file query.txt (compact mmCIF, C-alpha atoms)
# COMPACT_ATOMS: atom_id res chain seq x y z
CA MET V 285 -2.32 28.32 11.78
CA LYS V 286 -5.36 26.12 12.46
CA GLU V 287 -6.38 26.36 8.82
CA LYS V 288 -2.86 25.35 7.72
CA ILE V 289 -2.90 22.33 10.03
CA GLU V 290 -6.29 21.24 8.72
CA LYS V 291 -4.89 21.37 5.16
CA ILE V 292 -1.84 19.38 6.24
CA ILE V 293 -4.02 16.68 7.81
CA ASP V 294 -6.28 16.64 4.75
CA ALA V 295 -3.20 15.83 2.67
CA GLY V 296 -2.32 13.10 5.17
CA ILE V 297 -5.63 11.24 4.81
CA HIS V 298 -5.07 10.94 1.07
CA ALA V 299 -2.35 8.38 1.81
CA PRO V 300 -2.92 4.74 0.77
CA SER V 301 -4.05 2.15 3.31
CA GLY V 302 -4.79 -1.57 3.13
CA ASP V 303 -8.41 -2.16 2.04
CA ASN V 304 -8.70 1.66 2.15
CA CYS V 305 -9.30 1.24 5.91
CA GLN V 306 -7.83 4.66 6.85
CA PRO V 307 -6.53 3.50 10.27
CA TRP V 308 -5.65 6.90 11.76
CA ARG V 309 -6.89 9.69 13.98
CA PHE V 310 -5.24 13.00 14.83
CA GLU V 311 -4.64 15.31 17.76
CA ALA V 312 -3.38 18.80 16.95
CA SER V 313 -2.18 22.01 18.58
CA THR V 314 -0.86 25.21 17.03
CA ASN V 315 2.59 23.68 16.39
CA SER V 316 2.27 19.88 16.40
CA ILE V 317 0.22 16.99 15.08
CA SER V 318 0.06 13.55 16.71
CA ILE V 319 -1.13 10.50 14.77
CA PHE V 320 -2.76 7.53 16.52
CA LEU V 321 -3.49 4.05 15.17
CA VAL V 322 -7.18 3.05 15.19
CA GLU V 323 -7.24 -0.65 16.02
CA GLU V 324 -10.83 -1.35 15.01
CA ALA V 325 -10.05 -0.22 11.46
CA ASP V 326 -7.27 -2.80 11.26
CA ASN V 327 -8.57 -6.39 11.29
CA SER V 328 -7.30 -7.94 8.07
CA LEU V 329 -5.28 -11.17 8.06
CA TYR V 330 -2.62 -9.23 6.18
CA SER V 331 -1.98 -6.87 9.08
CA TRP V 332 0.01 -8.90 11.55
CA GLY V 333 0.82 -6.74 14.59
CA HIS V 334 -0.86 -3.74 12.92
CA LYS V 335 2.09 -3.54 10.54
CA ALA V 336 -0.07 -2.74 7.49
CA SER V 337 -1.63 0.18 9.36
CA LEU V 338 1.77 1.46 10.47
CA LEU V 339 2.87 1.36 6.83
CA ALA V 340 -0.18 3.47 5.96
CA ILE V 341 0.57 5.97 8.73
CA GLY V 342 4.15 6.29 7.44
CA ALA V 343 2.71 7.23 4.04
CA CYS V 344 0.35 9.66 5.77
CA VAL V 345 3.35 11.35 7.42
CA GLU V 346 5.08 11.79 4.05
CA ASN V 347 2.00 13.51 2.63
CA MET V 348 1.78 15.79 5.66
CA ALA V 349 5.47 16.72 5.47
CA ILE V 350 5.04 17.73 1.82
CA ALA V 351 1.90 19.72 2.66
CA ALA V 352 3.72 21.46 5.52
CA GLU V 353 6.50 22.54 3.14
CA ASN V 354 3.83 23.86 0.80
CA SER V 355 2.54 26.03 3.68
CA SER V 356 6.05 27.40 4.45
CA LEU V 357 6.45 25.20 7.53
CA SER V 358 9.32 23.00 8.62
CA CYS V 359 8.24 19.52 9.73
CA GLN V 360 10.30 17.42 12.17
CA THR V 361 8.91 13.92 12.61
CA GLU V 362 9.41 11.39 15.39
CA PHE V 363 8.20 7.79 15.11
CA PHE V 364 7.29 5.55 18.07
CA GLU V 365 6.64 1.84 18.50
CA TYR V 366 2.94 1.08 18.78
CA GLN V 367 1.83 0.60 22.40
CA SER V 368 -1.90 1.31 22.56
CA PRO V 369 -4.60 3.39 20.83
CA GLU V 370 -3.96 6.14 23.42
CA LYS V 371 -0.27 6.53 22.51
CA PRO V 372 0.80 8.24 19.26
CA VAL V 373 2.93 6.40 16.71
CA ALA V 374 4.08 9.61 15.03
CA VAL V 375 4.41 13.24 16.09
CA LEU V 376 5.04 16.08 13.64
CA ASN V 377 6.48 19.29 15.11
CA LEU V 378 5.89 22.34 12.94
CA SER V 379 7.72 25.66 12.77
CA PRO V 380 7.99 28.54 10.25
CA SER V 381 10.39 27.97 7.37
CA ASP V 382 11.77 29.85 4.38
CA LYS V 383 12.30 26.59 2.48
CA LYS V 384 10.45 26.37 -0.82
CA GLY V 385 7.77 23.74 -1.18
CA ARG V 386 7.59 21.00 -3.80
CA PRO V 387 4.45 21.93 -5.78
CA ALA V 388 4.64 18.96 -8.17
CA LEU V 389 4.67 16.49 -5.26
CA PHE V 390 1.98 18.41 -3.36
CA GLU V 391 -0.26 18.16 -6.40
CA ALA V 392 0.57 14.45 -6.70
CA VAL V 393 -0.71 13.87 -3.13
CA PHE V 394 -4.27 14.35 -4.40
CA GLU V 395 -3.75 12.67 -7.79
CA ARG V 396 -2.03 9.52 -6.48
CA CYS V 397 -4.01 6.30 -6.76
CA THR V 398 -3.61 2.57 -7.31
CA ASN V 399 -3.81 1.59 -10.96
CA ARG V 400 -4.56 -2.14 -11.35
CA LYS V 401 -4.66 -2.12 -15.16
CA LYS V 402 -2.21 -3.95 -17.39
CA TYR V 403 0.78 -1.69 -18.05
CA SER V 404 2.85 -1.11 -21.15
CA ASN V 405 5.96 -3.29 -21.32
CA GLU V 406 7.95 -0.58 -23.09
CA ASN V 407 11.47 -0.49 -21.66
CA LYS V 408 11.87 2.90 -20.00
CA ALA V 409 13.08 1.54 -16.68
CA ASP V 410 16.69 2.78 -16.78
CA ILE V 411 15.74 6.44 -17.26
CA PHE V 412 13.06 6.22 -14.58
CA ILE V 413 15.30 4.51 -12.02
CA GLN V 414 18.08 7.04 -12.55
CA ASN V 415 15.66 9.95 -12.15
CA LEU V 416 14.13 8.47 -9.02
CA GLN V 417 17.38 7.51 -7.30
CA GLU V 418 18.88 10.95 -7.94
CA ASN V 419 15.90 12.57 -6.25
CA LEU V 420 15.29 10.18 -3.35
CA LYS V 421 16.52 11.78 -0.16
CA PRO V 422 17.94 9.50 2.57
CA ASN V 423 15.30 8.35 5.03
CA GLU V 424 16.34 10.28 8.12
CA THR V 425 13.74 8.77 10.43
CA HIS V 426 14.70 5.11 10.44
CA HIS V 427 15.97 2.37 8.13
CA ALA V 428 14.18 1.48 4.89
CA ASN V 429 15.66 0.94 1.45
CA VAL V 430 14.43 0.25 -2.07
CA LYS V 431 15.67 -1.99 -4.86
CA PHE V 432 14.49 -2.09 -8.48
CA ILE V 433 14.51 -4.76 -11.15
CA SER V 434 13.45 -4.47 -14.78
CA ASP V 435 14.56 -7.44 -16.89
CA LYS V 436 11.78 -9.43 -18.55
CA LEU V 437 12.49 -12.81 -16.91
CA SER V 438 12.61 -11.32 -13.40
CA LYS V 439 9.33 -9.45 -13.92
CA LYS V 440 7.69 -12.68 -15.06
CA THR V 441 9.02 -14.54 -12.02
CA LEU V 442 7.90 -11.81 -9.64
CA GLY V 443 4.48 -11.53 -11.27
CA LYS V 444 3.86 -15.22 -10.64
CA ALA V 445 5.18 -15.01 -7.06
CA VAL V 446 2.95 -12.13 -5.95
CA ALA V 447 -0.11 -13.54 -7.79
CA ALA V 448 -0.03 -16.51 -5.40
CA ASN V 449 -1.81 -14.11 -3.06
CA GLU V 450 -4.98 -14.36 -5.19
CA LYS V 451 -4.92 -18.16 -5.05
CA ILE V 452 -4.89 -17.98 -1.25
CA LEU V 453 -7.50 -15.19 -1.16
CA PHE V 454 -10.02 -17.29 -3.07
CA GLU V 455 -9.26 -20.53 -1.19
CA ASN V 456 -9.25 -19.21 2.41
CA GLN V 457 -12.79 -18.61 3.65
CA HIS V 458 -11.91 -15.85 6.13
CA MET V 459 -9.84 -13.89 3.62
CA HIS V 460 -12.46 -14.41 0.90
CA ASN V 461 -15.33 -13.19 3.07
CA PHE V 462 -13.32 -10.24 4.42
CA PHE V 463 -12.40 -9.13 0.89
CA TYR V 464 -15.95 -9.28 -0.45
CA SER V 465 -17.39 -7.56 2.63
CA HIS V 466 -15.21 -4.53 1.85
CA ILE V 467 -16.36 -4.02 -1.75
CA ASN V 468 -18.57 -1.07 -2.65
CA TRP V 469 -20.56 -2.33 -5.63
CA SER V 470 -21.96 1.01 -6.77
CA THR V 471 -21.07 4.69 -6.84
CA SER V 472 -23.74 5.41 -4.24
CA GLU V 473 -22.20 2.82 -1.85
CA GLU V 474 -18.75 4.33 -2.39
CA ILE V 475 -20.05 7.83 -1.61
CA LYS V 476 -21.88 6.55 1.47
CA HIS V 477 -19.03 4.52 3.01
CA LYS V 478 -15.87 6.21 1.66
CA LYS V 479 -13.99 3.10 2.82
CA GLY V 480 -13.11 -0.25 1.31
CA PHE V 481 -12.74 -1.14 -2.37
CA TYR V 482 -14.78 0.67 -5.01
CA ILE V 483 -15.55 -2.06 -7.55
CA LYS V 484 -14.40 0.07 -10.49
CA THR V 485 -10.89 0.44 -8.98
CA LEU V 486 -10.42 -3.35 -9.19
CA GLU V 487 -10.37 -3.02 -13.00
CA ILE V 488 -12.30 -6.25 -13.58
CA PRO V 489 -13.13 -6.71 -17.29
CA GLY V 490 -16.84 -6.49 -18.06
CA PRO V 491 -17.22 -10.13 -19.22
CA ALA V 492 -15.60 -11.37 -16.01
CA LEU V 493 -17.71 -9.27 -13.63
CA PRO V 494 -20.73 -11.66 -13.37
CA GLY V 495 -18.42 -14.52 -12.40
CA PHE V 496 -16.59 -12.30 -9.91
CA LYS V 497 -19.91 -11.35 -8.28
CA LEU V 498 -21.05 -14.97 -8.24
CA ALA V 499 -17.85 -15.95 -6.41
CA GLN V 500 -18.77 -13.83 -3.39
CA ASN V 501 -20.93 -16.73 -2.18
CA TRP V 502 -18.48 -19.01 -0.38
CA GLN V 503 -20.37 -22.22 -1.20
CA ILE V 504 -20.34 -21.33 -4.89
CA MET V 505 -16.68 -20.37 -4.55
CA ARG V 506 -15.89 -23.83 -3.18
CA VAL V 507 -17.43 -25.39 -6.28
CA LEU V 508 -15.56 -22.96 -8.54
CA GLY V 509 -12.40 -23.71 -6.59
CA ALA V 510 -12.72 -27.41 -7.38
CA LEU V 511 -12.84 -26.40 -11.03
CA GLY V 512 -9.58 -24.44 -10.72
CA PHE V 513 -11.05 -20.91 -10.42
CA ALA V 514 -8.44 -19.69 -7.92
CA ASN V 515 -5.57 -20.95 -10.07
CA PHE V 516 -7.12 -19.30 -13.12
CA ILE V 517 -7.41 -15.92 -11.34
CA ALA V 518 -3.81 -16.18 -10.09
CA LYS V 519 -2.57 -16.96 -13.61
CA GLN V 520 -4.49 -14.02 -15.11
CA ASN V 521 -3.21 -11.64 -12.42
CA ALA V 522 0.37 -12.85 -12.84
CA GLN V 523 0.24 -11.61 -16.44
CA ILE V 524 -1.00 -8.22 -15.24
CA TYR V 525 1.59 -7.97 -12.48
CA GLU V 526 4.53 -8.75 -14.76
CA SER V 527 3.48 -5.92 -17.09
CA SER V 528 5.53 -2.90 -16.02
CA TYR V 529 8.60 -0.78 -16.63
CA LEU V 530 9.98 -2.20 -13.43
CA HIS V 531 9.28 -3.87 -10.10
CA GLY V 532 10.50 -2.53 -6.78
CA VAL V 533 10.85 -3.89 -3.28
CA ILE V 534 11.13 -1.95 -0.03
CA THR V 535 13.41 -3.64 2.47
CA SER V 536 14.63 -3.22 6.02
CA GLN V 537 16.96 -4.94 8.45
CA GLY V 538 14.17 -5.30 11.02
CA ILE V 539 10.40 -5.72 11.24
CA THR V 540 9.61 -3.33 14.08
CA GLY V 541 6.80 -0.81 13.99
CA LYS V 542 9.32 1.93 13.23
CA ASP V 543 10.61 -0.07 10.27
CA TYR V 544 7.12 -0.21 8.80
CA LEU V 545 6.48 3.49 9.49
CA SER V 546 9.74 4.28 7.71
CA ALA V 547 8.87 1.94 4.84
CA GLY V 548 5.49 3.63 4.41
CA LYS V 549 7.14 7.04 4.24
CA LEU V 550 9.57 5.82 1.58
CA LEU V 551 6.80 4.05 -0.34
CA GLU V 552 4.76 7.24 -0.55
CA GLU V 553 7.77 9.30 -1.65
CA ILE V 554 8.36 6.90 -4.56
CA TRP V 555 4.64 6.74 -5.37
CA LEU V 556 4.26 10.53 -5.46
CA LYS V 557 7.29 10.96 -7.69
CA THR V 558 5.87 8.28 -9.99
CA THR V 559 2.55 10.13 -10.06
CA ALA V 560 4.29 13.45 -10.80
CA LEU V 561 5.87 11.76 -13.84
CA LYS V 562 2.36 10.74 -15.03
CA LEU V 563 3.08 7.03 -14.58
CA SER V 564 1.05 4.25 -12.96
CA PHE V 565 1.76 2.50 -9.66
CA GLN V 566 0.42 -0.57 -7.87
CA PRO V 567 1.57 -1.82 -4.46
CA LEU V 568 1.89 -5.62 -4.24
CA THR V 569 1.82 -6.34 -0.53
CA GLY V 570 -0.03 -9.62 0.02
CA ILE V 571 2.72 -12.26 0.02
CA CYS V 572 5.18 -10.14 2.01
CA PHE V 573 2.60 -9.37 4.70
CA LEU V 574 1.37 -12.96 4.89
CA TYR V 575 4.94 -14.23 5.21
CA GLN V 576 5.53 -12.10 8.30
CA ARG V 577 2.21 -13.32 9.68
CA ILE V 578 3.12 -17.01 9.42
CA LYS V 579 6.59 -16.37 10.86
CA ASN V 580 5.39 -14.39 13.88
CA LEU V 581 2.08 -15.98 14.91
CA SER V 582 1.66 -19.49 16.29
CA ASP V 583 -1.78 -19.70 14.66
CA PRO V 584 -1.77 -17.59 11.48
CA GLY V 585 -5.19 -18.80 10.36
CA LEU V 586 -3.79 -20.41 7.20
CA SER V 587 -3.56 -24.01 6.04
CA LYS V 588 -0.25 -25.86 5.78
CA LYS V 589 -0.69 -25.92 2.01
CA HIS V 590 -1.03 -22.12 1.88
CA ILE V 591 1.87 -21.62 4.27
CA ARG V 592 4.09 -23.54 1.84
CA VAL V 593 2.82 -21.40 -1.06
CA ILE V 594 3.57 -18.21 0.88
CA GLU V 595 7.06 -19.37 1.88
CA ASP V 596 7.93 -20.45 -1.66
CA SER V 597 6.66 -17.19 -3.14
CA TYR V 598 8.43 -15.01 -0.57
CA ASN V 599 11.70 -16.87 -1.07
CA GLU V 600 11.34 -16.39 -4.84
CA ILE V 601 10.97 -12.64 -4.26
CA LYS V 602 14.11 -12.54 -2.10
CA LYS V 603 16.06 -14.65 -4.58
CA THR V 604 15.04 -12.53 -7.58
CA PHE V 605 15.96 -9.26 -5.86
CA GLN V 606 19.12 -10.89 -4.44
CA LEU V 607 18.19 -10.06 -0.85
CA LYS V 608 20.29 -11.65 1.87
CA ASN V 609 19.75 -10.38 5.41
CA GLU V 610 17.08 -7.81 4.52
CA HIS V 611 13.36 -8.37 4.97
CA ALA V 612 11.14 -7.78 1.93
CA LEU V 613 8.40 -5.61 3.45
CA LEU V 614 6.41 -5.04 0.27
CA MET V 615 6.66 -4.96 -3.50
CA PHE V 616 5.25 -2.63 -6.15
CA ARG V 617 5.19 -2.21 -9.93
CA ILE V 618 5.53 0.95 -12.02
CA GLY V 619 4.63 1.53 -15.65
CA ASP V 620 2.12 3.16 -17.96
CA GLY V 621 -1.41 1.86 -17.52
CA GLY V 622 -3.23 4.94 -18.75
CA GLU V 623 -5.96 6.58 -16.71
CA PRO V 624 -7.48 4.37 -13.96
CA SER V 625 -11.22 3.68 -14.16
CA ALA V 626 -11.90 5.22 -10.74
CA ARG V 627 -10.38 6.45 -7.48
CA THR V 628 -11.40 5.65 -3.91
CA LEU V 629 -12.83 8.29 -1.61
CA ARG V 630 -11.72 9.29 1.90
CA GLN V 631 -13.62 9.88 5.12
CA PRO V 632 -13.14 13.31 6.77
CA ALA V 633 -10.22 13.43 9.21
CA LYS V 634 -10.93 12.87 12.88
CA ILE V 635 -9.12 15.71 14.68
CA ILE V 636 -9.05 16.48 18.40
CA TRP V 637 -7.73 19.99 19.07
CA LYS V 638 -5.55 20.48 22.12

call {"tool": "encode", "arguments": {"input": "query.txt", "output": "C-alpha cells"}}
result
Amino acid sequence: MKEKIEKIIDAGIHAPSGDNCQPWRFEASTNSISIFLVEEADNSLYSWGHKASLLAIGACVENMAIAAENSSLSCQTEFFEYQSPEKPVAVLNLSPSDKKGRPALFEAVFERCTNRKKYSNENKADIFIQNLQENLKPNETHHANVKFISDKLSKKTLGKAVAANEKILFENQHMHNFFYSHINWSTSEEIKHKKGFYIKTLEIPGPALPGFKLAQNWQIMRVLGALGFANFIAKQNAQIYESSYLHGVITSQGITGKDYLSAGKLLEEIWLKTTALKLSFQPLTGICFLYQRIKNLSDPGLSKKHIRVIEDSYNEIKKTFQLKNEHALLMFRIGDGGEPSARTLRQPAKIIWK
C-alpha cells in the first residue's frame, strides 16, 4: 500500500502551480493522504490569500484521485478552509475498489503541460465543447463551473483583456523583479532548481530573446517602458492569446478557499481531457487573480493606473462571457499549438509517514 500511495502522490506533484512553485507537502498513512499548503512557496502578488496555491492543490487532488483509480482504490476527498501550515486543506481517504481506472487520463497526468505557442485558429470548438461537456462529471466537492466561448470577435476581445497582465508585469517593479528571479535560463539551472520558469517554456522567439534578457534590469526596463516596450509586449501576447479553438472561464459564486480548491480540481480535469485529445492548453490567470487582490486588500501594491487597467480588463472578461453574479476565477485557452519547446520539472514530494 505504501508503494501505491507514493505513486498517487507522485501523480499529484505533476499538477500545475503558479510560477511552478509547488506549494504543497504531504502526510500519509496506509489509507489516507493529507495535503498542506506551504506558505513560503507562495509569495507572488498574484496569490492573494494563498488562493493561487489553493487552486494548485485542487489540481493536485484531481491528479491523485485519477492515480488512485488507476491503482484500484476509491478516493473520497474533503476540502477545508486554509487556517495555518499545520492544518490540512485537503484529505483523501482511500479504500479498495473494483471500479476501473481511466488510463487515458492517468497517462495525461504526466504529459500535461502549459503550451504558450500560437495556436491554430481552425474552428473545431463545437465538437470539442460537446465532447468535454458530455464527459465532465459534476464537481461533488464544492461549487465551480465552466463556460466556453469560441467566436472570433470574443476571442480577440478576451486576448486583449488578459494581455493587460503583461503590461502591468513589465511596469510594476515588484512583479517584474519577482518574475525574472524565477526564470531558469539554462537546462542545468532547470535541473538544479526544478522550480520556477524554464526559459524554453516561455516560447520566446529567438530574435526577441536578447531584448527579453536585457529587460531583466529594472533601470533598463524603465527606459524601455518609456519607449512603449510594455505596450508592445501586451499587443504581441494578445495576438497569441486570441489564437485558439476556444476560451474558457472557471467561475464560482464565492471566493473562499474551498471555491479555489474546487476550481483547481475542475481546471485539471479539463486540462487532462484536453491533453488526452492531443490538444494544447494555456491557463490565463493574471487579471482574474489581480482583480481579487485589489478588491480584498487595502494596499494591493499596485498603482491607481494599473488598478483601473485590471478593473477594465476583468469587467471585459465578465461582459464577454455574460457573467452576472459569478466570479471569474481564471481563464484558459485551448487549441492546437503543436509540441511545446520544453516542460518544467518537479521537485520530489515531501512526505511525512504517520

call {"tool": "atom_distance", "arguments": {"input": "query.txt", "atom1": "CA of Ala392 (chain V)", "atom2": "CA of Lys478 (chain V)"}}
result
20.2 Å

call {"tool": "residues_around", "arguments": {"input": "query.txt", "residues": "region 343-360 of chain V", "least_positions_apart": "3", "cutoff": "9 Å", "atoms": "only C-alpha atoms", "output": "compact mmCIF listing (two decimals) with C-alpha atoms, in the frame of the given file"}}
result
# COMPACT_ATOMS: atom_id res chain seq x y z
CA LYS V 288 -2.86 25.35 7.72
CA ILE V 289 -2.90 22.33 10.03
CA LYS V 291 -4.89 21.37 5.16
CA ILE V 292 -1.84 19.38 6.24
CA ILE V 293 -4.02 16.68 7.81
CA ASP V 294 -6.28 16.64 4.75
CA ALA V 295 -3.20 15.83 2.67
CA GLY V 296 -2.32 13.10 5.17
CA ILE V 297 -5.63 11.24 4.81
CA HIS V 298 -5.07 10.94 1.07
CA ALA V 299 -2.35 8.38 1.81
CA PRO V 300 -2.92 4.74 0.77
CA SER V 301 -4.05 2.15 3.31
CA TRP V 308 -5.65 6.90 11.76
CA SER V 316 2.27 19.88 16.40
CA ILE V 319 -1.13 10.50 14.77
CA LEU V 338 1.77 1.46 10.47
CA LEU V 339 2.87 1.36 6.83
CA ALA V 340 -0.18 3.47 5.96
CA ALA V 374 4.08 9.61 15.03
CA VAL V 375 4.41 13.24 16.09
CA LEU V 376 5.04 16.08 13.64
CA ASN V 377 6.48 19.29 15.11
CA LEU V 378 5.89 22.34 12.94
CA SER V 379 7.72 25.66 12.77
CA PRO V 380 7.99 28.54 10.25
CA SER V 381 10.39 27.97 7.37
CA ASP V 382 11.77 29.85 4.38
CA LYS V 383 12.30 26.59 2.48
CA LYS V 384 10.45 26.37 -0.82
CA GLY V 385 7.77 23.74 -1.18
CA ARG V 386 7.59 21.00 -3.80
CA PRO V 387 4.45 21.93 -5.78
CA LEU V 389 4.67 16.49 -5.26
CA PHE V 390 1.98 18.41 -3.36
CA VAL V 393 -0.71 13.87 -3.13
CA LEU V 545 6.48 3.49 9.49
CA SER V 546 9.74 4.28 7.71
CA ALA V 547 8.87 1.94 4.84
CA GLY V 548 5.49 3.63 4.41
CA LYS V 549 7.14 7.04 4.24
CA LEU V 550 9.57 5.82 1.58
CA LEU V 551 6.80 4.05 -0.34
CA GLU V 552 4.76 7.24 -0.55
CA GLU V 553 7.77 9.30 -1.65
CA LEU V 556 4.26 10.53 -5.46

call {"tool": "atom_distance", "arguments": {"input": "query.txt", "atom1": "CA of Lys638 (chain V)", "atom2": "CA of Glu311 (chain V)"}}
result
6.8 Å

call {"tool": "residues_around", "arguments": {"input": "query.txt", "residues": "Ile554 (chain V)", "least_positions_apart": "2", "cutoff": "12 Å", "atoms": "all atoms listed in the file", "output": "number ranges by chain"}}
result
V: 343, 346-347, 389, 392-393, 396, 412-413, 415-421, 423, 429-432, 532-534, 547-552, 556-561, 563-567, 616-618

call {"tool": "closest_residue", "arguments": {"input": "query.txt", "among": "V:Glu455, V:Glu287, V:Glu487, V:Glu610", "to": "Phe513 (chain V)", "atoms": "only C-alpha atoms"}}
result
V:Glu455

call {"tool": "closest_residue", "arguments": {"input": "query.txt", "among": "V:Asn449, V:Ser527, V:Asn456, V:Thr628", "to": "Glu395 (chain V)", "atoms": "all atoms listed in the file"}}
result
V:Thr628

call {"tool": "residues_near_point", "arguments": {"input": "query.txt", "point": "(7.5, -7.5, 10.5)", "cutoff": "6 Å", "atoms": "only C-alpha atoms", "output": "JSON, numbers by chain"}}
result
{"V": [539, 540, 576]}

call {"tool": "write_last_selection", "arguments": {"input": "query.txt", "atoms": "C-alpha atoms", "output": "JSON list (two decimals), in the coordinates of the input"}}
result
[["chain", "number", "residue", "atom", "x", "y", "z"],
["V", 539, "ILE", "CA", 10.40, -5.72, 11.24],
["V", 540, "THR", "CA", 9.61, -3.33, 14.08],
["V", 576, "GLN", "CA", 5.53, -12.10, 8.30]]

call {"tool": "residues_near_point", "arguments": {"input": "query.txt", "point": "(-22.3, -7.5, -4.4)", "cutoff": "12 Å", "atoms": "all atoms listed in the file", "output": "list in words"}}
result
Asn461, Phe463, Tyr464, Ser465, His466, Ile467, Asn468, Trp469, Ser470, Glu473, Phe481, Tyr482, Ile483, Leu493, Pro494, Gly495, Phe496, Lys497, Leu498, Ala499, Gln500 and Asn501 of chain V

call {"tool": "atom_distance", "arguments": {"input": "query.txt", "atom1": "CA of Met285 (chain V)", "atom2": "CA of Thr314 (chain V)"}}
result
6.3 Å

call {"tool": "closest_residue", "arguments": {"input": "query.txt", "among": "V:Gln457, V:Ser536, V:Thr485, V:Ser434", "to": "Asp303 (chain V)", "atoms": "only C-alpha atoms"}}
result
V:Thr485

call {"tool": "closest_residue", "arguments": {"input": "query.txt", "among": "V:Asn304, V:Thr604, V:Asn599, V:Asn315", "to": "Ile433 (chain V)", "atoms": "only C-alpha atoms"}}
result
V:Thr604

call {"tool": "closest_residue", "arguments": {"input": "query.txt", "among": "V:Asn399, V:Ser587, V:Ser625, V:Gln606", "to": "Trp555 (chain V)", "atoms": "all atoms listed in the file"}}
result
V:Asn399

call {"tool": "residues_around", "arguments": {"input": "query.txt", "residues": "Ser313 (chain V)", "least_positions_apart": "4", "cutoff": "9 Å", "atoms": "all atoms listed in the file", "output": "JSON, numbers by chain"}}
result
{"V": [286, 289, 317, 318, 636, 637, 638]}

call {"tool": "decode", "arguments": {"input": "query.txt", "residues": "region 444-461 of chain V", "atoms": "C-alpha atoms", "output": "mmCIF file, in the first residue's frame"}}
result
data_model
loop_
_atom_site.group_PDB
_atom_site.id
_atom_site.type_symbol
_atom_site.label_atom_id
_atom_site.label_comp_id
_atom_site.auth_asym_id
_atom_site.auth_seq_id
_atom_site.Cartn_x
_atom_site.Cartn_y
_atom_site.Cartn_z
ATOM 1 C CA LYS V 444 -6.585 41.828 -25.374
ATOM 2 C CA ALA V 445 -8.129 41.757 -21.878
ATOM 3 C CA VAL V 446 -5.849 39.059 -20.456
ATOM 4 C CA ALA V 447 -2.746 40.507 -22.176
ATOM 5 C CA ALA V 448 -3.117 43.604 -19.972
ATOM 6 C CA ASN V 449 -1.388 41.423 -17.381
ATOM 7 C CA GLU V 450 1.901 41.706 -19.319
ATOM 8 C CA LYS V 451 1.665 45.498 -19.412
ATOM 9 C CA ILE V 452 1.386 45.543 -15.616
ATOM 10 C CA LEU V 453 4.098 42.890 -15.188
ATOM 11 C CA PHE V 454 6.651 44.998 -17.055
ATOM 12 C CA GLU V 455 5.618 48.293 -15.427
ATOM 13 C CA ASN V 456 5.426 47.182 -11.765
ATOM 14 C CA GLN V 457 8.900 46.836 -10.265
ATOM 15 C CA HIS V 458 7.980 44.184 -7.685
ATOM 16 C CA MET V 459 6.170 41.979 -10.198
ATOM 17 C CA HIS V 460 8.938 42.472 -12.769
ATOM 18 C CA ASN V 461 11.712 41.518 -10.345
#
